[in-house]
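File shown: query-v5.pdb. Contents: PDB, C-alpha atoms and all ligand atoms.
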ATOM      1  CA  MET A   1     -25.381 -65.631 -60.847
ATOM      2  CA  LYS A   2     -26.830 -66.753 -57.541
ATOM      3  CA  PRO A   3     -24.578 -69.250 -55.694
ATOM      4  CA  SER A   4     -26.024 -72.779 -55.458
ATOM      5  CA  SER A   5     -27.008 -73.870 -51.957
ATOM      6  CA  ASP A   6     -24.049 -76.269 -51.604
ATOM      7  CA  ALA A   7     -21.471 -73.689 -52.652
ATOM      8  CA  SER A   8     -19.138 -72.536 -49.882
ATOM      9  CA  PRO A   9     -20.203 -69.196 -48.346
ATOM     10  CA  GLU A  10     -19.002 -66.087 -50.160
ATOM     11  CA  PRO A  11     -16.466 -63.978 -48.246
ATOM     12  CA  ALA A  12     -18.119 -61.045 -46.455
ATOM     13  CA  THR A  13     -16.512 -58.524 -48.810
ATOM     14  CA  ALA A  14     -18.180 -60.029 -51.884
ATOM     15  CA  SER A  15     -21.517 -58.503 -50.874
ATOM     16  CA  ARG A  16     -20.011 -55.004 -50.896
ATOM     17  CA  LEU A  17     -20.641 -52.823 -53.899
ATOM     18  CA  ARG A  18     -17.499 -52.052 -55.841
ATOM     19  CA  PHE A  19     -16.326 -48.494 -55.232
ATOM     20  CA  HIS A  20     -16.999 -47.100 -58.680
ATOM     21  CA  THR A  21     -20.573 -48.469 -58.827
ATOM     22  CA  ARG A  22     -21.639 -46.457 -55.764
ATOM     23  CA  GLN A  23     -23.360 -43.088 -56.001
ATOM     24  CA  THR A  24     -20.250 -41.172 -54.988
ATOM     25  CA  THR A  25     -19.603 -37.892 -56.792
ATOM     26  CA  PHE A  26     -16.287 -36.273 -57.609
ATOM     27  CA  ARG A  27     -17.498 -33.216 -55.724
ATOM     28  CA  GLN A  28     -18.003 -35.271 -52.557
ATOM     29  CA  LEU A  29     -14.512 -36.686 -52.925
ATOM     30  CA  GLU A  30     -13.087 -33.210 -53.451
ATOM     31  CA  ILE A  31     -14.834 -31.997 -50.287
ATOM     32  CA  PHE A  32     -13.617 -35.056 -48.374
ATOM     33  CA  ARG A  33     -10.032 -34.458 -49.565
ATOM     34  CA  GLU A  34     -10.086 -30.850 -48.377
ATOM     35  CA  VAL A  35     -11.450 -31.808 -44.928
ATOM     36  CA  ALA A  36      -8.826 -34.568 -44.677
ATOM     37  CA  ARG A  37      -6.037 -32.128 -45.532
ATOM     38  CA  ARG A  38      -7.175 -29.449 -43.102
ATOM     39  CA  GLY A  39      -8.585 -31.604 -40.289
ATOM     40  CA  SER A  40     -11.530 -29.228 -40.010
ATOM     41  CA  VAL A  41     -14.924 -28.826 -41.695
ATOM     42  CA  THR A  42     -14.879 -25.067 -41.074
ATOM     43  CA  GLU A  43     -11.478 -24.567 -42.704
ATOM     44  CA  ALA A  44     -12.358 -26.842 -45.634
ATOM     45  CA  ALA A  45     -15.617 -24.910 -46.187
ATOM     46  CA  ARG A  46     -13.647 -21.652 -46.208
ATOM     47  CA  ALA A  47     -11.068 -22.998 -48.668
ATOM     48  CA  LEU A  48     -13.767 -24.327 -51.016
ATOM     49  CA  HIS A  49     -15.991 -21.223 -50.676
ATOM     50  CA  LEU A  50     -18.869 -23.369 -49.436
ATOM     51  CA  ALA A  51     -21.217 -23.056 -46.475
ATOM     52  CA  GLN A  52     -20.230 -25.263 -43.552
ATOM     53  CA  PRO A  53     -23.555 -27.242 -43.566
ATOM     54  CA  THR A  54     -22.986 -28.066 -47.261
ATOM     55  CA  VAL A  55     -19.613 -29.596 -46.425
ATOM     56  CA  SER A  56     -21.074 -31.547 -43.476
ATOM     57  CA  THR A  57     -23.997 -32.825 -45.551
ATOM     58  CA  GLN A  58     -21.810 -33.967 -48.440
ATOM     59  CA  LEU A  59     -19.437 -35.707 -46.023
ATOM     60  CA  ALA A  60     -22.346 -37.459 -44.302
ATOM     61  CA  ARG A  61     -23.696 -38.625 -47.704
ATOM     62  CA  LEU A  62     -20.275 -39.928 -48.689
ATOM     63  CA  GLN A  63     -19.927 -41.898 -45.439
ATOM     64  CA  GLU A  64     -23.437 -43.276 -45.861
ATOM     65  CA  THR A  65     -22.828 -44.377 -49.453
ATOM     66  CA  LEU A  66     -19.535 -46.018 -48.597
ATOM     67  CA  ASP A  67     -20.927 -47.357 -45.318
ATOM     68  CA  GLU A  68     -17.688 -46.321 -43.647
ATOM     69  CA  THR A  69     -16.742 -43.885 -40.883
ATOM     70  CA  LEU A  70     -14.068 -41.673 -42.434
ATOM     71  CA  PHE A  71     -13.173 -39.350 -39.535
ATOM     72  CA  GLU A  72     -12.918 -39.430 -35.793
ATOM     73  CA  GLN A  73     -13.047 -36.300 -33.672
ATOM     74  CA  ILE A  74      -9.948 -35.840 -31.489
ATOM     75  CA  GLY A  75     -10.520 -32.642 -29.469
ATOM     76  CA  ARG A  76     -11.281 -29.978 -32.065
ATOM     77  CA  ARG A  77      -9.491 -31.834 -34.821
ATOM     78  CA  LEU A  78     -10.893 -34.392 -37.248
ATOM     79  CA  ASP A  79      -8.517 -37.296 -37.757
ATOM     80  CA  LEU A  80      -8.839 -39.917 -40.458
ATOM     81  CA  THR A  81      -9.873 -43.457 -39.593
ATOM     82  CA  SER A  82      -8.139 -46.315 -41.442
ATOM     83  CA  ALA A  83     -10.943 -46.264 -44.046
ATOM     84  CA  GLY A  84     -10.545 -42.477 -44.331
ATOM     85  CA  GLU A  85      -6.784 -42.846 -44.860
ATOM     86  CA  ILE A  86      -7.347 -45.356 -47.689
ATOM     87  CA  LEU A  87      -9.837 -42.991 -49.322
ATOM     88  CA  ARG A  88      -7.550 -39.959 -48.854
ATOM     89  CA  SER A  89      -4.566 -41.513 -50.541
ATOM     90  CA  GLY A  90      -6.803 -42.824 -53.365
ATOM     91  CA  CYS A  91      -8.297 -39.346 -53.817
ATOM     92  CA  GLU A  92      -4.845 -37.750 -54.161
ATOM     93  CA  ASP A  93      -4.031 -40.207 -56.979
ATOM     94  CA  LEU A  94      -7.457 -39.838 -58.561
ATOM     95  CA  PHE A  95      -7.377 -36.047 -58.743
ATOM     96  CA  GLU A  96      -3.841 -36.047 -60.038
ATOM     97  CA  VAL A  97      -4.924 -38.317 -62.905
ATOM     98  CA  LEU A  98      -8.008 -36.151 -63.610
ATOM     99  CA  GLU A  99      -5.886 -33.007 -63.746
ATOM    100  CA  ARG A 100      -3.445 -34.716 -66.070
ATOM    101  CA  ILE A 101      -6.305 -35.732 -68.389
ATOM    102  CA  ASP A 102      -7.553 -32.151 -68.331
ATOM    103  CA  SER A 103      -4.233 -30.615 -69.201
ATOM    104  CA  ARG A 104      -3.468 -33.240 -71.884
ATOM    105  CA  LEU A 105      -6.818 -32.495 -73.520
ATOM    106  CA  GLY A 106      -5.824 -28.828 -73.443
ATOM    107  CA  ALA A 107      -2.451 -29.710 -74.973
ATOM    108  CA  LEU A 108      -4.297 -31.389 -77.887
ATOM    109  CA  HIS A 109      -5.539 -27.938 -78.779
ATOM    110  CA  GLY A 110      -2.112 -26.403 -78.414
ATOM    111  CA  LEU A 111      -2.833 -25.068 -74.918
ATOM    112  CA  THR A 112      -0.597 -25.550 -71.941
ATOM    113  CA  ALA A 113      -3.407 -25.491 -69.431
ATOM    114  CA  GLY A 114      -4.273 -27.079 -66.087
ATOM    115  CA  THR A 115      -3.150 -26.326 -62.570
ATOM    116  CA  LEU A 116       0.383 -25.809 -61.324
ATOM    117  CA  ARG A 117       0.697 -26.386 -57.586
ATOM    118  CA  LEU A 118       3.756 -24.857 -56.043
ATOM    119  CA  GLY A 119       4.720 -24.945 -52.361
ATOM    120  CA  VAL A 120       7.558 -22.699 -51.201
ATOM    121  CA  VAL A 121       9.328 -21.991 -47.919
ATOM    122  CA  THR A 122       8.544 -18.616 -46.367
ATOM    123  CA  THR A 123      11.754 -16.973 -47.509
ATOM    124  CA  ALA A 124      11.281 -18.037 -51.153
ATOM    125  CA  LYS A 125       8.141 -15.906 -51.343
ATOM    126  CA  TYR A 126      10.415 -12.933 -52.084
ATOM    127  CA  LEU A 127      11.856 -14.693 -55.102
ATOM    128  CA  MET A 128       9.153 -16.844 -56.686
ATOM    129  CA  PRO A 129       6.572 -14.214 -57.720
ATOM    130  CA  ALA A 130       9.017 -12.839 -60.297
ATOM    131  CA  TYR A 131       9.430 -16.324 -61.848
ATOM    132  CA  LEU A 132       5.686 -16.957 -61.659
ATOM    133  CA  GLY A 133       4.786 -13.583 -63.171
ATOM    134  CA  ALA A 134       6.787 -14.263 -66.326
ATOM    135  CA  PHE A 135       5.464 -17.850 -66.467
ATOM    136  CA  CYS A 136       1.807 -16.754 -66.138
ATOM    137  CA  ARG A 137       2.214 -14.180 -68.874
ATOM    138  CA  GLN A 138       3.577 -16.880 -71.173
ATOM    139  CA  PHE A 139       0.938 -19.486 -70.189
ATOM    140  CA  PRO A 140      -2.228 -17.567 -69.287
ATOM    141  CA  GLU A 141      -4.346 -20.752 -69.311
ATOM    142  CA  VAL A 142      -2.435 -22.250 -66.367
ATOM    143  CA  GLU A 143      -3.970 -21.735 -62.939
ATOM    144  CA  VAL A 144      -1.329 -21.435 -60.213
ATOM    145  CA  GLN A 145      -1.867 -22.505 -56.600
ATOM    146  CA  PHE A 146       0.895 -21.008 -54.493
ATOM    147  CA  SER A 147       1.337 -22.153 -50.864
ATOM    148  CA  ILE A 148       3.814 -20.621 -48.434
ATOM    149  CA  CYS A 149       4.941 -22.179 -45.144
ATOM    150  CA  ASN A 150       8.128 -22.827 -43.201
ATOM    151  CA  ARG A 151      10.487 -25.656 -44.073
ATOM    152  CA  ASN A 152       9.044 -28.255 -41.687
ATOM    153  CA  GLU A 153       5.506 -27.607 -42.891
ATOM    154  CA  LEU A 154       6.663 -27.796 -46.502
ATOM    155  CA  VAL A 155       8.280 -31.184 -45.859
ATOM    156  CA  SER A 156       4.846 -32.368 -44.596
ATOM    157  CA  ARG A 157       3.176 -31.053 -47.774
ATOM    158  CA  LEU A 158       5.783 -32.896 -49.843
ATOM    159  CA  GLU A 159       5.236 -36.122 -47.891
ATOM    160  CA  ALA A 160       1.484 -35.820 -48.512
ATOM    161  CA  ASN A 161       2.139 -35.164 -52.243
ATOM    162  CA  GLN A 162       0.077 -31.969 -52.098
ATOM    163  CA  ASP A 163       1.906 -29.967 -54.764
ATOM    164  CA  ASP A 164       3.757 -30.496 -58.050
ATOM    165  CA  PHE A 165       6.907 -28.691 -56.934
ATOM    166  CA  TYR A 166       8.464 -27.400 -53.737
ATOM    167  CA  VAL A 167      11.082 -24.702 -53.375
ATOM    168  CA  PHE A 168      13.628 -25.311 -50.611
ATOM    169  CA  SER A 169      17.124 -24.174 -49.889
ATOM    170  CA  HIS A 170      17.617 -27.323 -47.783
ATOM    171  CA  PRO A 171      15.749 -30.108 -49.595
ATOM    172  CA  PRO A 172      14.949 -33.138 -47.393
ATOM    173  CA  ILE A 173      17.497 -35.415 -49.049
ATOM    174  CA  GLU A 174      16.382 -38.405 -46.963
ATOM    175  CA  LEU A 175      13.259 -38.609 -49.191
ATOM    176  CA  ASP A 176      13.206 -40.049 -52.716
ATOM    177  CA  ILE A 177      13.232 -36.669 -54.418
ATOM    178  CA  THR A 178      14.937 -34.898 -57.279
ATOM    179  CA  SER A 179      16.343 -31.399 -56.655
ATOM    180  CA  HIS A 180      17.178 -28.828 -59.292
ATOM    181  CA  PRO A 181      19.177 -25.863 -57.957
ATOM    182  CA  PHE A 182      18.215 -22.712 -59.874
ATOM    183  CA  ALA A 183      19.259 -19.598 -57.888
ATOM    184  CA  ASP A 184      21.612 -18.434 -55.134
ATOM    185  CA  ASN A 185      20.369 -17.730 -51.613
ATOM    186  CA  PRO A 186      23.062 -15.897 -49.623
ATOM    187  CA  LEU A 187      22.383 -15.496 -45.890
ATOM    188  CA  VAL A 188      23.779 -12.288 -44.429
ATOM    189  CA  PHE A 189      24.193 -10.634 -41.035
ATOM    190  CA  ILE A 190      21.966  -7.558 -40.735
ATOM    191  CA  ALA A 191      21.979  -4.623 -38.309
ATOM    192  CA  PRO A 192      20.276  -1.211 -38.173
ATOM    193  CA  ALA A 193      21.896   1.347 -40.497
ATOM    194  CA  GLU A 194      23.359   3.341 -37.583
ATOM    195  CA  HIS A 195      24.827   0.283 -35.788
ATOM    196  CA  PRO A 196      28.400   0.715 -34.391
ATOM    197  CA  LEU A 197      29.591  -2.332 -36.390
ATOM    198  CA  ALA A 198      28.172  -0.991 -39.689
ATOM    199  CA  GLY A 199      30.922  -0.399 -42.261
ATOM    200  CA  LYS A 200      33.622  -2.364 -40.369
ATOM    201  CA  ALA A 201      35.385  -5.013 -42.446
ATOM    202  CA  GLY A 202      35.997  -8.670 -41.493
ATOM    203  CA  LEU A 203      34.018  -8.749 -38.213
ATOM    204  CA  THR A 204      34.779 -11.678 -35.911
ATOM    205  CA  TRP A 205      32.586 -13.586 -33.480
ATOM    206  CA  HIS A 206      34.060 -11.672 -30.530
ATOM    207  CA  GLU A 207      32.849  -8.409 -32.009
ATOM    208  CA  LEU A 208      29.366  -9.822 -32.727
ATOM    209  CA  ALA A 209      28.847 -11.806 -29.519
ATOM    210  CA  PRO A 210      27.821  -8.863 -27.256
ATOM    211  CA  TRP A 211      24.828  -8.026 -29.486
ATOM    212  CA  PRO A 212      21.494  -9.832 -28.907
ATOM    213  CA  PHE A 213      20.902 -12.318 -31.714
ATOM    214  CA  LEU A 214      17.394 -12.682 -33.221
ATOM    215  CA  VAL A 215      16.496 -15.871 -35.052
ATOM    216  CA  ARG A 216      13.629 -17.612 -36.887
ATOM    217  CA  GLU A 217      11.568 -20.388 -35.257
ATOM    218  CA  ALA A 218      12.589 -24.080 -35.059
ATOM    219  CA  GLY A 219      11.400 -25.648 -38.325
ATOM    220  CA  SER A 220      12.672 -22.727 -40.415
ATOM    221  CA  GLY A 221      15.211 -23.510 -43.149
ATOM    222  CA  THR A 222      16.998 -20.216 -42.485
ATOM    223  CA  ARG A 223      17.486 -21.213 -38.861
ATOM    224  CA  LEU A 224      18.717 -24.661 -39.891
ATOM    225  CA  ALA A 225      21.389 -23.067 -42.113
ATOM    226  CA  ILE A 226      22.451 -20.695 -39.322
ATOM    227  CA  GLU A 227      22.702 -23.504 -36.750
ATOM    228  CA  ARG A 228      24.865 -25.517 -39.158
ATOM    229  CA  ALA A 229      27.090 -22.528 -39.946
ATOM    230  CA  PHE A 230      27.554 -21.710 -36.247
ATOM    231  CA  ARG A 231      28.377 -25.363 -35.472
ATOM    232  CA  VAL A 232      31.017 -25.477 -38.226
ATOM    233  CA  ARG A 233      32.624 -22.306 -36.832
ATOM    234  CA  ASP A 234      32.331 -23.453 -33.199
ATOM    235  CA  TRP A 235      30.220 -20.397 -32.368
ATOM    236  CA  PRO A 236      27.699 -20.776 -29.520
ATOM    237  CA  PHE A 237      24.104 -20.660 -30.783
ATOM    238  CA  ALA A 238      22.293 -18.635 -28.107
ATOM    239  CA  PRO A 239      19.482 -16.565 -29.608
ATOM    240  CA  LYS A 240      18.051 -13.780 -27.493
ATOM    241  CA  MET A 241      14.708 -13.809 -29.241
ATOM    242  CA  VAL A 242      12.881 -16.250 -31.532
ATOM    243  CA  ILE A 243      10.612 -14.623 -34.114
ATOM    244  CA  ALA A 244       8.587 -16.659 -36.632
ATOM    245  CA  SER A 245       8.657 -14.122 -39.458
ATOM    246  CA  ASN A 246      11.345 -12.553 -41.650
ATOM    247  CA  GLU A 247       9.401  -9.288 -41.731
ATOM    248  CA  ALA A 248       9.113  -9.123 -37.943
ATOM    249  CA  ILE A 249      12.834  -9.894 -37.602
ATOM    250  CA  LYS A 250      13.685  -7.004 -39.938
ATOM    251  CA  GLU A 251      11.392  -4.657 -37.994
ATOM    252  CA  SER A 252      12.913  -5.791 -34.699
ATOM    253  CA  VAL A 253      16.448  -5.238 -35.985
ATOM    254  CA  ILE A 254      15.465  -1.766 -37.242
ATOM    255  CA  ALA A 255      13.981  -1.067 -33.795
ATOM    256  CA  GLY A 256      17.367  -1.859 -32.218
ATOM    257  CA  LEU A 257      16.454  -5.162 -30.545
ATOM    258  CA  GLY A 258      19.497  -6.938 -31.925
ATOM    259  CA  ILE A 259      21.199  -8.336 -35.031
ATOM    260  CA  ALA A 260      20.167 -11.300 -37.176
ATOM    261  CA  VAL A 261      21.017 -13.472 -40.158
ATOM    262  CA  LEU A 262      18.487 -13.508 -42.995
ATOM    263  CA  SER A 263      18.400 -14.267 -46.689
ATOM    264  CA  ARG A 264      19.612 -11.296 -48.735
ATOM    265  CA  HIS A 265      16.367 -11.616 -50.740
ATOM    266  CA  THR A 266      14.396 -10.351 -47.741
ATOM    267  CA  LEU A 267      16.269  -7.017 -47.829
ATOM    268  CA  HIS A 268      15.060  -6.161 -51.310
ATOM    269  CA  HIS A 269      11.451  -6.087 -50.138
ATOM    270  CA  GLY A 270      10.882  -3.330 -47.631
ATOM    271  CA  GLY A 271      12.989  -2.030 -44.749
ATOM    272  CA  GLY A 272      16.258  -2.483 -46.689
ATOM    273  CA  GLU A 273      17.114   1.228 -46.518
ATOM    274  CA  SER A 274      17.076   1.175 -42.672
ATOM    275  CA  LEU A 275      19.259  -1.941 -42.501
ATOM    276  CA  VAL A 276      22.853  -2.729 -43.404
ATOM    277  CA  GLU A 277      24.653  -5.957 -44.138
ATOM    278  CA  LEU A 278      27.535  -6.520 -41.743
ATOM    279  CA  ASP A 279      30.828  -7.650 -43.233
ATOM    280  CA  VAL A 280      31.451 -10.788 -41.145
ATOM    281  CA  GLU A 281      34.317 -13.227 -41.703
ATOM    282  CA  GLY A 282      33.085 -16.294 -43.612
ATOM    283  CA  PHE A 283      29.756 -14.705 -44.518
ATOM    284  CA  PRO A 284      27.444 -14.758 -46.412
ATOM    285  CA  ILE A 285      26.447 -18.365 -45.821
ATOM    286  CA  ARG A 286      26.167 -19.715 -49.365
ATOM    287  CA  THR A 287      23.001 -21.724 -49.943
ATOM    288  CA  GLU A 288      20.937 -22.115 -53.090
ATOM    289  CA  TRP A 289      17.299 -22.433 -54.002
ATOM    290  CA  SER A 290      16.198 -25.748 -55.481
ATOM    291  CA  VAL A 291      12.958 -26.776 -57.053
ATOM    292  CA  VAL A 292      12.117 -30.250 -55.762
ATOM    293  CA  HIS A 293       9.716 -33.029 -56.788
ATOM    294  CA  TRP A 294       9.191 -36.699 -56.084
ATOM    295  CA  ARG A 295      11.586 -38.696 -58.277
ATOM    296  CA  GLN A 296       8.719 -40.737 -59.754
ATOM    297  CA  LYS A 297       6.434 -37.763 -60.357
ATOM    298  CA  VAL A 298       4.636 -37.858 -63.720
ATOM    299  CA  PHE A 299       4.351 -34.314 -65.008
ATOM    300  CA  ALA A 300       1.402 -32.664 -66.682
ATOM    301  CA  PRO A 301       2.335 -30.243 -69.509
ATOM    302  CA  ALA A 302       1.891 -27.204 -67.218
ATOM    303  CA  ALA A 303       4.402 -28.648 -64.754
ATOM    304  CA  GLU A 304       6.874 -29.482 -67.535
ATOM    305  CA  ALA A 305       6.528 -25.960 -68.867
ATOM    306  CA  PHE A 306       7.279 -24.547 -65.415
ATOM    307  CA  LEU A 307      10.475 -26.600 -65.027
ATOM    308  CA  ALA A 308      11.586 -25.457 -68.473
ATOM    309  CA  HIS A 309      10.794 -21.885 -67.446
ATOM    310  CA  LEU A 310      13.103 -22.204 -64.426
ATOM    311  CA  GLY A 311      15.769 -23.490 -66.801
ATOM    312  CA  VAL A 312      15.886 -27.019 -65.441
ATOM    313  CA  ALA A 313      15.065 -30.336 -67.092
ATOM    314  CA  ALA A 314      12.770 -32.972 -65.593
ATOM    315  CA  GLY A 315      14.394 -36.312 -64.969
ATOM    316  CA  GLY A 316      17.547 -36.145 -62.933
ATOM    317  CA  ASP A 317      19.340 -33.981 -60.429
ATOM    318  CA  ASN A 318      20.595 -30.978 -62.206
ATOM    319  CA  PRO A 319      23.431 -29.309 -60.359
ATOM    320  CA  ARG A 320      24.339 -25.905 -61.695
TER     321      ARG A 320
HETATM  322  P1  LIG A 401      12.360 -20.724 -44.064
HETATM  323  O1  LIG A 401      13.185 -21.499 -45.178
HETATM  324  O2  LIG A 401      11.586 -19.653 -44.788
HETATM  325  O3  LIG A 401      11.527 -21.835 -43.465
HETATM  326  O4  LIG A 401      13.352 -20.151 -43.123
HETATM  327  C1  LIG A 401      14.135 -20.824 -45.905
HETATM  328  C2  LIG A 401      15.162 -21.782 -46.420
HETATM  329  O5  LIG A 401      14.903 -22.997 -46.524
HETATM  330  O6  LIG A 401      16.248 -21.267 -46.734
END
Translate this file's structure into structure tokens.
Ligand code: PGA
Amino acid sequence: MKPSSDASPEPATASRLRFHTRQTTFRQLEIFREVARRGSVTEAARALHLAQPTVSTQLARLQETLDETLFEQIGRRLDLTSAGEILRSGCEDLFEVLERIDSRLGALHGLTAGTLRLGVVTTAKYLMPAYLGAFCRQFPEVEVQFSICNRNELVSRLEANQDDFYVFSHPPIELDITSHPFADNPLVFIAPAEHPLAGKAGLTWHELAPWPFLVREAGSGTRLAIERAFRVRDWPFAPKMVIASNEAIKESVIAGLGIAVLSRHTLHHGGGESLVELDVEGFPIRTEWSVVHWRQKVFAPAAEAFLAHLGVAAGGDNPR
């Protein structure tokens, strides 16, 4: 109904089309979400297997339809504007609901289907494929997206609600999360097989101190555990070399560059025969792997099936 001439003026927003009546497609929103996550059209195009001009065109159409600028270019990176941030967080919710509808429809037909998104810290990549392999054989209709990054990067993925579950050995307890411990993660001192300390029992700090110590990068959960363990024992933390990869640390230790502390899981996957665990007083450092999710997370059937597969129940913290 047209307002009568003496009616008070409509607020400016009333002339805007409501979001769902605009010609915006789910595909455009999916493209927008990928660019927002990666901060780059090129990387989003690669992840979506699209040509870069297709991504740019769809983004331009979306901005035109919404009559909003969604990104601003800061150096080489695309950052979200306030409008872009509103759309990004709405898109995360929207796609979560769509995936839930999809998997519930599948469940109607007795299928546990849909997508399971799992983010794990670098070191858990040695452990999780075995769990996933058995899960995928049991639920072949479930598509798994598996992301691997260091602890700090995984905390950012969790904060952005990018995955269903996250595997940490040091969950960020300051967030409103639920953690379910499900496996041990012992951290051990390693040295090359022919090292003079190999085979000696009950090594002390004084015996270890002369050897160069190699350590993972800041932001790594392994490093965090080592720093805490050293602090508790009053040992100085003075790494000789910082290396951002478990594999490269193993290779460096084998090459005689020093000794290190790594998860025992890393030794079972290549290089283990050229390395030995040193028997150090108070070691291994005992940590455990936990699968983590937002406390309020609503699970699709595929996600529930995965928790059950790990032997943990959704709902509350589940100490072993
Ligand atoms: P990292 O994490 O792979 O980042 O070192 C391992 C851990 O949290 O124990």
Taking only C-alpha atoms and all ligand atoms into account, list the residues no farther than 7 Å from ligand LIG 401 (chain A), as a PyMOL selection string.
chain A and resi 121-124+149-151+168-170+216+219-223
Keeping only C-alpha atoms, write those residues as a compact mmCIF listing (two decimals), keeping the file's coordinate frame.
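Saved to out.txt:
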# COMPACT_ATOMS: atom_id res chain seq x y z
CA VAL A 121 9.33 -21.99 -47.92
CA THR A 122 8.54 -18.62 -46.37
CA THR A 123 11.75 -16.97 -47.51
CA ALA A 124 11.28 -18.04 -51.15
CA CYS A 149 4.94 -22.18 -45.14
CA ASN A 150 8.13 -22.83 -43.20
CA ARG A 151 10.49 -25.66 -44.07
CA PHE A 168 13.63 -25.31 -50.61
CA SER A 169 17.12 -24.17 -49.89
CA HIS A 170 17.62 -27.32 -47.78
CA ARG A 216 13.63 -17.61 -36.89
CA GLY A 219 11.40 -25.65 -38.33
CA SER A 220 12.67 -22.73 -40.42
CA GLY A 221 15.21 -23.51 -43.15
CA THR A 222 17.00 -20.22 -42.48
CA ARG A 223 17.49 -21.21 -38.86
How big is the axis-aligned box around the listed atoms of stretch 187-195 of chain A once 3 Å is added on each side, and where is its centre? Give both in Å to one decimal, as lines of an AutoDock Vina configuration file.
center_x = 22.6
center_y = -6.1
center_z = -40.8
size_x = 10.6
size_y = 24.8
size_z = 16.1
Could you state which residues are captured by the PyMOL selection byres (((chain A and resi 31-46) around 7) and not hetatm) in this file, as an mmCIF file with C-alpha atoms, in the frame of the given file?
data_model
loop_
_atom_site.group_PDB
_atom_site.id
_atom_site.type_symbol
_atom_site.label_atom_id
_atom_site.label_comp_id
_atom_site.auth_asym_id
_atom_site.auth_seq_id
_atom_site.Cartn_x
_atom_site.Cartn_y
_atom_site.Cartn_z
ATOM 1 C CA ARG A 27 -17.498 -33.216 -55.724
ATOM 2 C CA GLN A 28 -18.003 -35.271 -52.557
ATOM 3 C CA LEU A 29 -14.512 -36.686 -52.925
ATOM 4 C CA GLU A 30 -13.087 -33.210 -53.451
ATOM 5 C CA ALA A 47 -11.068 -22.998 -48.668
ATOM 6 C CA LEU A 48 -13.767 -24.327 -51.016
ATOM 7 C CA HIS A 49 -15.991 -21.223 -50.676
ATOM 8 C CA LEU A 50 -18.869 -23.369 -49.436
ATOM 9 C CA ALA A 51 -21.217 -23.056 -46.475
ATOM 10 C CA GLN A 52 -20.230 -25.263 -43.552
ATOM 11 C CA VAL A 55 -19.613 -29.596 -46.425
ATOM 12 C CA SER A 56 -21.074 -31.547 -43.476
ATOM 13 C CA LEU A 59 -19.437 -35.707 -46.023
ATOM 14 C CA ARG A 77 -9.491 -31.834 -34.821
ATOM 15 C CA LEU A 78 -10.893 -34.392 -37.248
ATOM 16 C CA ASP A 79 -8.517 -37.296 -37.757
ATOM 17 C CA LEU A 80 -8.839 -39.917 -40.458
ATOM 18 C CA ARG A 88 -7.550 -39.959 -48.854
ATOM 19 C CA CYS A 91 -8.297 -39.346 -53.817
#
Which residues match the PyMOL selection byres (((chain A and resi 94-107) around 10) and not hetatm) in the file above, as a VMD selection string?
chain A and resid 26 29 to 30 33 88 to 93 108 to 116 141 to 142 161 to 164 298 to 303
The PyMOL selection byres (((chain A and resi 235-244) around 6) and not hetatm) resolved against shown file, as a JSON list (two decimals) with C-alpha atoms, in the frame of the given file:
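Once everything was written out, this is selection-v4.json:
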[["chain", "number", "residue", "atom", "x", "y", "z"],
["A", 212, "PRO", "CA", 21.49, -9.83, -28.91],
["A", 213, "PHE", "CA", 20.90, -12.32, -31.71],
["A", 214, "LEU", "CA", 17.39, -12.68, -33.22],
["A", 215, "VAL", "CA", 16.50, -15.87, -35.05],
["A", 216, "ARG", "CA", 13.63, -17.61, -36.89],
["A", 217, "GLU", "CA", 11.57, -20.39, -35.26],
["A", 230, "PHE", "CA", 27.55, -21.71, -36.25],
["A", 233, "ARG", "CA", 32.62, -22.31, -36.83],
["A", 234, "ASP", "CA", 32.33, -23.45, -33.20],
["A", 245, "SER", "CA", 8.66, -14.12, -39.46]]
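A straight line drawn from atom CA of A:Pro172 to atom CA of A:Ile249 is 25.3 Å long.
Note that the spacing between atom CA of A:Pro140 and atom CA of A:Leu154 amounts to 26.5 Å.
Checking A:Ser82, A:Pro192, A:Leu87, A:Phe139 one by one against A:Leu66, counting only C-alpha atoms, you find the shortest gap at A:Leu87.
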Just the number, please: distance in Å from atom CA of A:Ile285 to atom CA of A:Leu267, one decimal.
15.4 Å
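Proximity to A:Gly119 was assessed for A:Ile148, A:Val155, A:Ala229, A:Ala305 counting all atoms listed in the file; the smallest distance is recorded for A:Ile148.
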Using all atoms listed in the file, which of the listed residues (A:Glu194, A:Asp279, A:Glu159, A:Glu85) sits closest to A:Asp176?
A:Glu159
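In this comparison, which uses only C-alpha atoms, the residue of A:Ser274, A:Ala183, A:His309, A:Gln23 approaching A:Ala255 most closely is A:Ser274.
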Residue with the minimum atom-to-atom distance to A:Pro186, picked from A:Ile173, A:Leu262, A:Ala209, A:Cys136 with only C-alpha atoms counted, is A:Leu262
